[in-house]
$ cat my_file_5.txt   # compact mmCIF, C-alpha atoms
# COMPACT_ATOMS: atom_id res chain seq x y z
CA MET W 269 -12.12 3.38 22.81
CA GLN W 270 -15.64 2.45 21.78
CA PRO W 271 -17.18 -1.02 21.60
CA ALA W 272 -17.12 -1.80 17.88
CA SER W 273 -20.72 -3.05 17.69
CA ASP W 274 -21.93 0.19 19.28
CA LEU W 275 -20.22 2.26 16.58
CA GLU W 276 -21.58 0.00 13.85
CA MET W 277 -25.09 0.42 15.23
CA LEU W 278 -24.71 4.22 15.36
CA MET W 279 -23.36 4.24 11.83
CA ALA W 280 -26.31 2.21 10.53
CA ARG W 281 -28.72 4.63 12.26
CA TYR W 282 -26.80 7.59 10.79
CA GLN W 283 -27.29 6.10 7.32
CA ARG W 284 -31.03 5.90 8.04
CA GLY W 285 -31.02 9.65 8.75
CA ASP W 286 -30.99 9.60 12.57
CA PHE W 287 -29.61 12.95 13.76
CA ALA W 288 -29.03 11.75 17.34
CA ALA W 289 -26.82 8.92 16.02
CA ALA W 290 -24.88 11.37 13.84
CA THR W 291 -24.30 13.70 16.79
CA ALA W 292 -23.27 10.80 19.02
CA LEU W 293 -20.73 9.63 16.43
CA ILE W 294 -19.32 13.15 16.06
CA HIS W 295 -18.88 13.58 19.81
CA ARG W 296 -17.45 10.10 20.35
CA LEU W 297 -15.02 9.90 17.47
CA SER W 298 -13.88 13.51 17.06
CA PRO W 299 -11.30 13.52 19.90
CA GLN W 300 -9.42 10.54 18.47
CA LEU W 301 -9.65 11.87 14.91
CA HIS W 302 -8.42 15.27 16.08
CA ARG W 303 -5.54 13.62 17.89
CA PHE W 304 -4.76 11.62 14.75
CA PHE W 305 -4.30 14.90 12.88
CA VAL W 306 -2.32 16.55 15.70
CA VAL W 307 0.01 13.54 15.91
CA GLN W 308 0.71 13.94 12.18
CA LEU W 309 2.31 17.24 13.20
CA ALA W 310 -0.63 19.41 12.19
CA SER W 311 -1.16 22.54 14.28
CA ARG W 312 -4.33 22.58 16.40
CA GLY W 313 -5.88 25.08 13.99
CA ASP W 314 -5.09 22.82 11.02
CA ALA W 315 -6.37 19.81 12.95
CA ASP W 316 -9.67 21.66 13.57
CA ASP W 317 -10.00 22.35 9.84
CA LEU W 318 -9.07 18.79 8.92
CA LEU W 319 -11.56 17.41 11.43
CA GLN W 320 -14.36 19.54 10.04
CA GLU W 321 -13.46 18.62 6.47
CA THR W 322 -13.32 14.93 7.40
CA TRP W 323 -16.83 14.96 8.86
CA MET W 324 -18.18 16.76 5.80
CA ARG W 325 -16.63 14.11 3.56
CA ILE W 326 -17.88 11.31 5.81
CA HIS W 327 -21.35 12.79 5.51
CA GLU W 328 -21.05 12.96 1.73
CA VAL W 329 -19.94 9.32 1.35
CA ARG W 330 -21.77 7.74 4.31
CA HIS W 331 -23.53 5.36 1.92
CA THR W 332 -20.18 3.63 1.24
CA TYR W 333 -20.13 2.23 4.77
CA ARG W 334 -21.41 -1.35 4.69
CA ALA W 335 -23.32 -2.70 7.67
CA GLY W 336 -21.39 -5.29 9.66
CA GLN W 337 -17.98 -3.96 8.61
CA PRO W 338 -15.72 -2.27 11.20
CA VAL W 339 -16.34 1.49 11.36
CA LEU W 340 -12.86 2.67 12.33
CA PRO W 341 -10.94 1.49 9.22
CA TRP W 342 -13.60 3.14 7.02
CA LEU W 343 -13.41 6.35 9.02
CA TYR W 344 -9.61 6.47 9.20
CA ALA W 345 -9.25 5.69 5.49
CA ILE W 346 -11.29 8.84 4.78
CA ALA W 347 -9.37 10.87 7.39
CA ARG W 348 -6.06 9.80 5.81
CA HIS W 349 -7.32 10.84 2.40
CA ILE W 350 -8.25 14.28 3.75
CA ARG W 351 -4.85 14.64 5.42
CA VAL W 352 -2.93 13.64 2.28
CA ASP W 353 -5.05 16.01 0.20
CA HIS W 354 -4.39 18.83 2.67
CA TYR W 355 -0.67 18.05 2.58
CA ARG W 356 -0.63 18.18 -1.25
CA LYS W 357 -2.47 21.51 -1.25
CA ALA W 358 -0.04 22.88 1.36
CA LEU W 359 2.90 21.76 -0.80
CA ARG W 360 1.43 23.49 -3.85
CA THR W 361 0.88 26.67 -1.84
CA ALA W 362 4.39 26.48 -0.40
CA ALA W 363 5.84 26.12 -3.89
CA ARG W 364 4.26 29.45 -4.85
CA GLU W 365 5.53 31.24 -1.74
CA GLU W 366 8.95 32.88 -1.53
CA PRO W 367 11.18 31.08 0.98
CA LEU W 368 12.79 32.88 3.92
CA GLU W 369 16.49 33.50 3.45
CA GLU W 370 17.36 31.71 6.65
CA VAL W 371 15.14 29.12 8.25
CA PRO W 372 15.67 28.76 11.99
CA GLU W 373 16.47 25.21 13.05
CA VAL W 374 13.95 23.65 15.36
CA ALA W 375 15.07 20.72 17.45
CA ALA W 376 12.70 17.76 17.69
CA PRO W 377 11.18 17.78 21.16
CA LEU W 378 12.41 15.21 23.61
CA PRO W 379 9.92 12.93 25.32
CA ALA W 380 8.92 14.08 28.80
CA PRO W 381 11.04 12.79 31.67
CA SER W 382 9.79 9.74 33.51
CA GLY W 383 7.36 10.54 36.24
CA ALA W 384 5.48 13.12 34.20
CA THR W 385 2.81 11.96 31.72
CA PRO W 386 4.63 11.70 28.37
CA ASP W 387 3.35 13.88 25.56
CA LEU W 388 2.20 11.66 22.69
CA GLU W 389 2.91 14.19 19.95
CA ALA W 390 6.48 14.74 21.18
CA LEU W 391 6.99 11.02 21.66
CA LEU W 392 5.99 10.19 18.09
CA ALA W 393 7.55 13.27 16.46
CA PRO W 394 10.85 11.58 15.44
CA LEU W 395 9.01 8.84 13.54
CA PRO W 396 8.34 9.04 9.79
CA GLN W 397 4.70 9.83 8.99
CA SER W 398 3.81 6.31 7.83
CA GLN W 399 5.09 4.80 11.10
CA ARG W 400 3.52 7.54 13.22
CA GLU W 401 0.06 6.90 11.82
CA VAL W 402 0.39 3.15 12.32
CA ILE W 403 1.42 3.59 15.96
CA GLU W 404 -1.37 6.12 16.53
CA MET W 405 -3.99 3.77 15.12
CA LEU W 406 -2.66 0.71 16.95
CA LYS W 407 -1.88 2.20 20.34
CA VAL W 408 -4.13 5.25 20.66
CA SER W 409 -7.23 4.30 18.70
CA GLY W 410 -6.89 0.66 19.72
CA MET W 411 -7.34 -0.74 16.24
CA SER W 412 -6.20 -4.26 15.36
CA LEU W 413 -3.45 -4.97 12.81
CA GLU W 414 -6.10 -6.05 10.31
CA GLU W 415 -8.06 -2.82 10.84
CA VAL W 416 -4.96 -0.66 10.42
CA ALA W 417 -4.11 -2.55 7.23
CA ARG W 418 -7.61 -1.80 5.89
CA ALA W 419 -7.39 1.89 6.87
CA THR W 420 -4.00 2.33 5.23
CA SER W 421 -4.74 0.16 2.14
CA SER W 422 -1.78 -2.06 2.92
CA SER W 423 -1.12 -5.59 4.12
CA VAL W 424 -0.95 -6.80 7.72
CA GLY W 425 2.72 -7.67 7.11
CA SER W 426 3.50 -4.12 6.08
CA VAL W 427 1.73 -2.73 9.17
CA LYS W 428 3.71 -5.12 11.40
CA GLN W 429 6.95 -4.03 9.75
CA LYS W 430 6.17 -0.33 10.23
CA ALA W 431 5.23 -0.91 13.88
CA HIS W 432 8.45 -2.88 14.40
CA ARG W 433 10.58 -0.11 12.88
CA ALA W 434 8.76 2.51 14.93
CA TYR W 435 9.47 0.56 18.11
CA GLU W 436 13.15 0.34 17.17
CA THR W 437 13.32 4.13 16.81
CA LEU W 438 11.35 4.72 20.00
CA ARG W 439 13.55 2.26 21.90
CA GLU W 440 16.71 4.03 20.74
CA ARG W 441 15.31 7.44 21.62
CA LEU W 442 13.80 6.54 24.94
CA SER W 443 16.91 4.62 26.04
CA GLY W 444 19.04 7.62 25.02
CA ALA W 445 16.82 9.98 27.00
CA ARG W 446 16.92 7.63 29.98
CA SER W 447 20.71 7.31 30.02
CA MET W 448 21.11 11.08 29.60
CA LYS W 449 18.83 11.59 32.57
CA ALA W 450 20.84 9.05 34.62
CA ARG W 451 24.09 10.88 33.76
CA THR W 452 22.78 14.35 34.66
CA GLY W 453 21.16 12.89 37.79
CA GLY W 454 24.54 11.41 38.78
CA LEU W 455 26.32 14.76 38.42
CA SER W 456 23.90 16.75 40.52
CA MET Q 297 14.24 -1.16 26.90
CA ARG Q 298 11.61 -3.83 26.21
CA ASP Q 299 8.56 -3.60 23.95
CA ARG Q 300 6.32 -3.88 27.02
CA GLU Q 301 7.88 -0.73 28.53
CA ILE Q 302 7.37 1.18 25.28
CA ASP Q 303 3.78 -0.09 25.22
CA GLU Q 304 3.30 1.24 28.73
CA ILE Q 305 4.73 4.67 27.87
CA LEU Q 306 2.50 4.90 24.78
CA LYS Q 307 -0.51 3.76 26.80
CA GLN Q 308 0.12 6.47 29.40
CA ALA Q 309 0.54 9.09 26.70
CA ALA Q 310 -2.63 7.96 24.94
CA GLN Q 311 -4.63 8.22 28.16
CA ALA Q 312 -3.91 11.93 28.50
CA PRO Q 313 -7.18 13.72 27.73
CA HIS Q 314 -7.45 15.33 24.32
CA ALA Q 315 -10.23 17.88 24.19
CA VAL Q 316 -11.79 19.28 21.03
CA ASP Q 317 -13.51 22.64 21.05
CA PRO Q 318 -17.21 21.84 21.79
CA ALA Q 319 -18.26 24.77 19.60
CA LEU Q 320 -16.50 23.11 16.65
CA LEU Q 321 -18.32 19.84 17.25
CA ASP Q 322 -21.66 21.64 17.51
CA ARG Q 323 -20.91 23.45 14.26
CA VAL Q 324 -20.10 20.14 12.53
CA ALA Q 325 -23.26 18.51 13.92
CA ARG Q 326 -25.39 21.46 12.77
CA SER Q 327 -24.00 21.39 9.22
CA ILE Q 328 -24.53 17.64 8.99
CA GLY Q 329 -28.03 17.93 10.45
CA SER Q 330 -29.04 20.49 7.85
CA SER Q 331 -28.60 17.95 5.02
CA LEU Q 332 -29.30 14.71 6.83
CA ALA Q 333 -31.42 12.28 4.85
CA PRO Q 334 -31.56 8.48 4.71
CA VAL Q 335 -29.12 6.99 2.21
CA ARG Q 336 -29.11 3.66 0.41
CA PRO Q 337 -25.90 1.80 1.32
CA LEU Q 338 -23.83 0.26 -1.44
CA PRO Q 339 -24.78 -3.29 -2.46
CA PRO Q 340 -22.51 -6.09 -1.19
CA ALA Q 341 -19.02 -6.15 -2.73
CA TRP Q 342 -19.65 -9.44 -4.56
CA VAL Q 343 -22.68 -7.96 -6.34
CA LEU Q 344 -20.61 -5.01 -7.58
CA ALA Q 345 -17.75 -7.31 -8.64
CA CYS Q 346 -20.13 -9.66 -10.49
CA GLY Q 347 -21.65 -6.66 -12.27
CA LEU Q 348 -18.23 -5.54 -13.47
CA VAL Q 349 -17.31 -9.07 -14.61
CA LEU Q 350 -20.56 -9.31 -16.58
CA VAL Q 351 -19.97 -5.93 -18.24
CA SER Q 352 -16.40 -6.91 -19.17
CA VAL Q 353 -17.43 -10.27 -20.64
CA ALA Q 354 -20.43 -8.75 -22.46
CA VAL Q 355 -18.27 -6.02 -24.04
CA ALA Q 356 -15.63 -8.56 -25.13
CA LEU Q 357 -18.21 -10.94 -26.60
CA ALA Q 358 -20.22 -8.22 -28.34
CA GLY Q 359 -17.07 -6.62 -29.78
CA ALA Q 360 -15.70 -9.92 -31.06
CA ALA Q 361 -19.08 -10.91 -32.51
CA ARG Q 362 -19.26 -7.60 -34.35
CA LEU Q 363 -15.71 -7.91 -35.76
CA GLY Q 364 -15.94 -11.67 -36.37
CA LEU Q 365 -15.15 -14.62 -34.09
CA PHE Q 366 -12.15 -15.75 -36.17
CA GLY Q 367 -9.75 -16.33 -33.31
CA ILE Q 368 -11.89 -18.64 -31.22
CA GLN Q 369 -12.73 -20.73 -34.30
CA LYS Q 370 -9.05 -21.30 -35.06
CA LEU Q 371 -7.86 -21.96 -31.50
CA SER Q 372 -7.15 -25.57 -30.47
CA LEU Q 373 -8.86 -27.21 -27.49
CA LEU Q 374 -5.77 -26.76 -25.32
CA GLN Q 375 -5.53 -23.09 -26.28
CA HIS Q 376 -9.21 -22.62 -25.38
CA ALA Q 377 -8.75 -24.44 -22.10
CA LEU Q 378 -5.80 -22.30 -21.07
CA ILE Q 379 -6.43 -18.81 -22.43
CA PHE Q 380 -10.05 -18.19 -21.46
CA PRO Q 381 -9.97 -19.57 -17.88
CA VAL Q 382 -6.83 -17.48 -17.19
CA LEU Q 383 -8.52 -14.37 -18.60
CA GLY Q 384 -11.67 -15.17 -16.59
CA ILE Q 385 -9.69 -15.50 -13.34
CA LEU Q 386 -7.80 -12.26 -14.02
CA ILE Q 387 -11.04 -10.37 -14.78
CA CYS Q 388 -12.58 -11.64 -11.52
CA LEU Q 389 -9.47 -10.60 -9.57
CA ALA Q 390 -9.38 -7.15 -11.18
CA ALA Q 391 -13.12 -6.60 -10.59
CA THR Q 392 -12.75 -7.59 -6.91
CA ALA Q 393 -9.71 -5.33 -6.53
CA PHE Q 394 -11.58 -2.43 -8.14
CA VAL Q 395 -14.54 -2.80 -5.78
CA ALA Q 396 -12.10 -2.78 -2.84
CA GLU Q 397 -10.59 0.47 -4.17
CA MET Q 398 -13.96 2.22 -4.34
CA ILE Q 399 -15.01 1.41 -0.76
CA PRO Q 400 -12.92 3.07 1.98
CA GLY Q 401 -11.47 0.71 4.57
CA SER Q 402 -11.80 -2.38 2.39
CA ARG Q 403 -9.34 -5.23 2.65
CA ARG Q 404 -6.82 -4.85 -0.18
CA LEU Q 405 -6.01 -8.33 -1.40
CA LEU Q 406 -3.73 -7.23 -4.25
CA ALA Q 407 -1.79 -4.01 -4.67
CA PRO Q 408 -2.66 -2.37 -8.02
CA GLY Q 409 0.91 -2.55 -9.34
CA PHE Q 410 1.17 -6.20 -8.34
CA LEU Q 411 -2.15 -7.00 -10.03
CA LEU Q 412 -1.02 -5.36 -13.26
CA GLY Q 413 2.41 -7.02 -13.18
CA ALA Q 414 1.06 -10.46 -12.29
CA ALA Q 415 -1.69 -10.28 -14.93
CA SER Q 416 0.79 -9.21 -17.63
CA LEU Q 417 3.25 -11.95 -16.69
CA ALA Q 418 0.50 -14.60 -16.52
CA LEU Q 419 -0.74 -13.69 -20.01
CA LEU Q 420 2.80 -13.58 -21.41
CA ALA Q 421 3.53 -17.01 -19.93
CA VAL Q 422 0.33 -18.54 -21.35
CA PHE Q 423 0.96 -17.03 -24.80
CA ALA Q 424 4.62 -18.12 -24.75
CA VAL Q 425 3.60 -21.70 -23.96
CA LEU Q 426 0.77 -21.89 -26.50
CA PHE Q 427 2.06 -20.02 -29.55
CA ARG Q 428 5.26 -21.22 -31.22
CA ASP Q 429 5.13 -19.44 -34.56
CA TYR Q 430 7.86 -16.79 -34.35
CA ARG Q 431 7.34 -15.16 -37.75
CA THR Q 432 6.74 -11.42 -37.76
CA ASP Q 433 4.74 -10.84 -40.97
CA ARG Q 434 3.20 -7.35 -41.08
CA PHE Q 435 4.19 -7.08 -37.41
CA VAL Q 436 3.55 -3.36 -36.94
CA SER Q 437 0.52 -2.84 -39.20
CA GLN Q 438 -1.40 -5.85 -37.80
CA GLY Q 439 -0.19 -5.09 -34.28
CA VAL Q 440 -1.35 -1.50 -34.31
CA ALA Q 441 -4.76 -2.61 -35.63
CA CYS Q 442 -5.12 -5.13 -32.79
CA LEU Q 443 -3.90 -2.67 -30.15
CA THR Q 444 -6.38 -0.04 -31.37
CA ALA Q 445 -9.28 -2.51 -31.42
CA GLY Q 446 -8.37 -3.72 -27.91
CA LEU Q 447 -8.16 -0.20 -26.56
CA LEU Q 448 -11.47 0.81 -28.17
CA HIS Q 449 -13.22 -2.16 -26.57
CA ALA Q 450 -11.69 -1.31 -23.21
CA VAL Q 451 -13.40 2.09 -23.24
CA PRO Q 452 -16.96 0.89 -22.41
CA VAL Q 453 -15.64 -1.17 -19.48
CA ALA Q 454 -13.62 1.80 -18.23
CA LEU Q 455 -16.78 3.93 -18.46
CA ALA Q 456 -18.76 1.35 -16.48
CA ALA Q 457 -16.02 1.32 -13.84
CA TRP Q 458 -16.00 5.12 -13.73
CA LEU Q 459 -19.80 5.22 -13.27
CA LEU Q 460 -19.50 2.71 -10.43
CA LEU Q 461 -16.67 4.72 -8.92
CA ARG Q 462 -18.90 7.79 -8.80
CA ARG Q 463 -21.23 5.81 -6.52
CA GLY Q 464 -18.31 4.84 -4.26
CA PHE Q 465 -15.35 6.83 -2.95
CA ALA Q 466 -11.75 6.05 -3.86
CA VAL Q 467 -9.38 7.19 -1.14
CA ASP Q 468 -6.46 6.45 -3.49
CA SER Q 469 -7.59 7.68 -6.91
CA MET Q 470 -4.36 6.65 -8.69
CA ALA Q 471 -4.70 3.07 -7.45
CA ALA Q 472 -8.35 3.01 -8.49
CA GLY Q 473 -7.34 4.34 -11.93
CA VAL Q 474 -4.69 1.63 -12.38
CA VAL Q 475 -7.07 -1.16 -11.35
CA ALA Q 476 -9.91 0.17 -13.52
CA GLY Q 477 -7.47 0.37 -16.46
CA THR Q 478 -6.26 -3.18 -15.83
CA LEU Q 479 -9.84 -4.46 -15.81
CA ALA Q 480 -10.75 -2.57 -18.95
CA GLY Q 481 -7.54 -3.77 -20.63
CA LEU Q 482 -8.38 -7.38 -19.75
CA ALA Q 483 -11.75 -6.96 -21.47
CA GLY Q 484 -9.87 -5.66 -24.52
CA VAL Q 485 -7.47 -8.63 -24.49
CA THR Q 486 -10.40 -11.07 -24.19
CA MET Q 487 -12.04 -9.48 -27.23
CA LEU Q 488 -8.78 -9.83 -29.19
CA GLU Q 489 -8.40 -13.50 -28.24
CA LEU Q 490 -11.93 -14.16 -29.50
CA HIS Q 491 -11.46 -12.15 -32.68
CA CYS Q 492 -7.83 -12.18 -33.85
CA ALA Q 493 -6.69 -15.15 -35.91
CA ASN Q 494 -3.06 -14.07 -36.06
CA PHE Q 495 -1.30 -16.62 -33.85
CA GLU Q 496 2.28 -15.44 -34.36
CA ALA Q 497 3.85 -15.45 -30.91
CA PRO Q 498 5.51 -11.99 -31.13
CA HIS Q 499 2.20 -10.46 -32.31
CA VAL Q 500 0.10 -11.98 -29.52
CA MET Q 501 2.71 -11.48 -26.80
CA LEU Q 502 3.41 -7.84 -27.60
CA TRP Q 503 0.32 -6.28 -29.17
CA HIS Q 504 -2.41 -8.20 -27.35
CA THR Q 505 -0.80 -8.07 -23.91
CA ALA Q 506 0.09 -4.38 -24.35
CA VAL Q 507 -3.59 -3.41 -24.22
CA MET Q 508 -3.59 -3.98 -20.46
CA PRO Q 509 -0.59 -1.84 -19.37
CA VAL Q 510 -1.59 0.92 -21.82
CA CYS Q 511 -5.10 1.02 -20.30
CA ALA Q 512 -3.67 0.95 -16.75
CA ALA Q 513 -1.33 3.85 -17.57
CA ALA Q 514 -4.25 5.79 -19.08
CA GLY Q 515 -6.30 5.09 -15.95
CA ALA Q 516 -3.51 6.36 -13.70
CA LEU Q 517 -3.07 9.50 -15.82
CA LEU Q 518 -6.80 10.26 -15.87
CA ALA Q 519 -6.98 9.76 -12.09
CA ARG Q 520 -4.05 12.13 -11.66
CA PHE Q 521 -5.73 14.84 -13.71
CA ALA Q 522 -9.09 14.26 -12.01
CA ARG Q 523 -7.43 14.67 -8.59
CA ARG Q 524 -6.19 18.13 -9.58

$ encode --input "my_file_5.txt" --output "structure tokens"
Amino acid sequence: MQPASDLEMLMARYQRGDFAAATALIHRLSPQLHRFFVVQLASRGDADDLLQETWMRIHEVRHTYRAGQPVLPWLYAIARHIRVDHYRKALRTAAREEPLEEVPEVAAPLPAPSGATPDLEALLAPLPQSQREVIEMLKVSGMSLEEVARATSSSVGSVKQKAHRAYETLRERLSGARSMKARTGGLS
Amino acid sequence: MRDREIDEILKQAAQAPHAVDPALLDRVARSIGSSLAPVRPLPPAWVLACGLVLVSVAVALAGAARLGLFGIQKLSLLQHALIFPVLGILICLAATAFVAEMIPGSRRLLAPGFLLGAASLALLAVFAVLFRDYRTDRFVSQGVACLTAGLLHAVPVALAAWLLLRRGFAVDSMAAGVVAGTLAGLAGVTMLELHCANFEAPHVMLWHTAVMPVCAAAGALLARFARR
């Protein structure tokens, strides 16, 4: 996580045409943006493309950032737009493709057992996309409720509700995984 | 399992390093560097909103002056005092909402659908309270004329909004289209209130108010086509 004022300063310098500031922003913010795309169940290759596309769009519309405003909601609002656009294009492409006769079922991955570092993508996989992005922004990017509301063009109340529902699902899933582990541990 | 435990699990998961290919980042930096020039940031949101309000009011006044200010001359003091302040407030709200739509990461005070619904209901309520003549003389012919005039006067405001939108970036183009349509429609309604001297309640409530949802629907449709 970056100190907000530091990012705002870099963004202002980027708008003034400072290449060092632009490079610093790219190197600082890309890992969390890339993770944002991966958590939305994009493959790493897709996430690379989305990241590149996001920076190109950020560059194109960098004048819309207003000094003194938080950088992350502005940045994530653009990243979301790119993701949604990519999803729409993928849907259109898929509609033109011939489906396989039989699609193999893929089970949602279970969170890693306690002790090992849990895998964020697997942990958030069972959540609907809207809840997943809220949890990613709140817990991974460290944004406030107000910032997430700005990034997702919604109200703070709606963000709170999505986070609450996501926690309910995670609680159910993690408790289930824990009790299953206790049962199998008891048998061995 | 408590929220704190889930927080802890998420925190641990978030701390796992997530590397991005350095070559990709270098490539991005190089492409940005090749076209890096200073840019002029957008003016403050209130300046943009005031500009839109001025355009809307100017279009309504100019249109009504051209067609004749018959409505405002015939309205009572109470009708003046209620209709125009309500329209003014709604235009300010719509302009502010539109500016929020064209700047990514802005605080959204009103959802576009809510703005349209609330503005339509507010106008219907004001008209229902103020106009009690329920005759329907030449209901369709006069109504269509008013609707057409309202829509025509909404066009310049919609164009101004579109020009402003080209300077910004709407992350949700449909929402921006609905809000721009609502604003343009409100300018059309204001022009009709200044011009139209037909105070039959069904005429005002249906044909005048309809300008706004029709414009909002047109805005949404145009945004949908533009997105493709």

$ atom_distance --input "my_file_5.txt" --atom1 "atom CA of Q:His449" --atom2 "atom CA of Q:Val422"
21.9 Å

$ atom_distance --input "my_file_5.txt" --atom1 "atom CA of Q:Pro452" --atom2 "atom CA of Q:Ala512"
14.4 Å

$ atom_distance --input "my_file_5.txt" --atom1 "atom CA of Q:Cys388" --atom2 "atom CA of Q:Gly347"
10.4 Å

$ interface_residues --input "my_file_5.txt" --of "chain W" --to "chain Q" --cutoff "6 Å" --atoms "all atoms listed in the file" --output "list in words"
Gln283, Arg284, Gly285, Thr291, Pro299, His331, Thr332, Pro341, Trp342, Ala345, His349, Pro386, Asp387, Leu388, Val408, Arg418, Ala419 and Ser421 of chain W

$ write_last_selection --input "my_file_5.txt" --atoms "C-alpha atoms" --output "PDB file, in the frame of the given file"
ATOM      1  CA  GLN W 283     -27.290   6.100   7.320  1.00  0.00           C
ATOM      2  CA  ARG W 284     -31.030   5.900   8.040  1.00  0.00           C
ATOM      3  CA  GLY W 285     -31.020   9.650   8.750  1.00  0.00           C
ATOM      4  CA  THR W 291     -24.300  13.700  16.790  1.00  0.00           C
ATOM      5  CA  PRO W 299     -11.300  13.520  19.900  1.00  0.00           C
ATOM      6  CA  HIS W 331     -23.530   5.360   1.920  1.00  0.00           C
ATOM      7  CA  THR W 332     -20.180   3.630   1.240  1.00  0.00           C
ATOM      8  CA  PRO W 341     -10.940   1.490   9.220  1.00  0.00           C
ATOM      9  CA  TRP W 342     -13.600   3.140   7.020  1.00  0.00           C
ATOM     10  CA  ALA W 345      -9.250   5.690   5.490  1.00  0.00           C
ATOM     11  CA  HIS W 349      -7.320  10.840   2.400  1.00  0.00           C
ATOM     12  CA  PRO W 386       4.630  11.700  28.370  1.00  0.00           C
ATOM     13  CA  ASP W 387       3.350  13.880  25.560  1.00  0.00           C
ATOM     14  CA  LEU W 388       2.200  11.660  22.690  1.00  0.00           C
ATOM     15  CA  VAL W 408      -4.130   5.250  20.660  1.00  0.00           C
ATOM     16  CA  ARG W 418      -7.610  -1.800   5.890  1.00  0.00           C
ATOM     17  CA  ALA W 419      -7.390   1.890   6.870  1.00  0.00           C
ATOM     18  CA  SER W 421      -4.740   0.160   2.140  1.00  0.00           C
TER      19      SER W 421
END

$ residues_around --input "my_file_5.txt" --residues "Q:Val510" --least-positions-apart "4" --cutoff "9 Å" --atoms "all atoms listed in the file" --output "list of chain:residue names"
Q:Leu447, Q:Gly477, Q:Thr478, Q:Gly481, Q:Ala506, Q:Ala514, Q:Gly515

$ closest_residue --input "my_file_5.txt" --among "Q:Gly484, Q:Pro381, Q:Gly409, Q:Gly473" --to "Q:Phe521" --atoms "all atoms listed in the file"
Q:Gly473
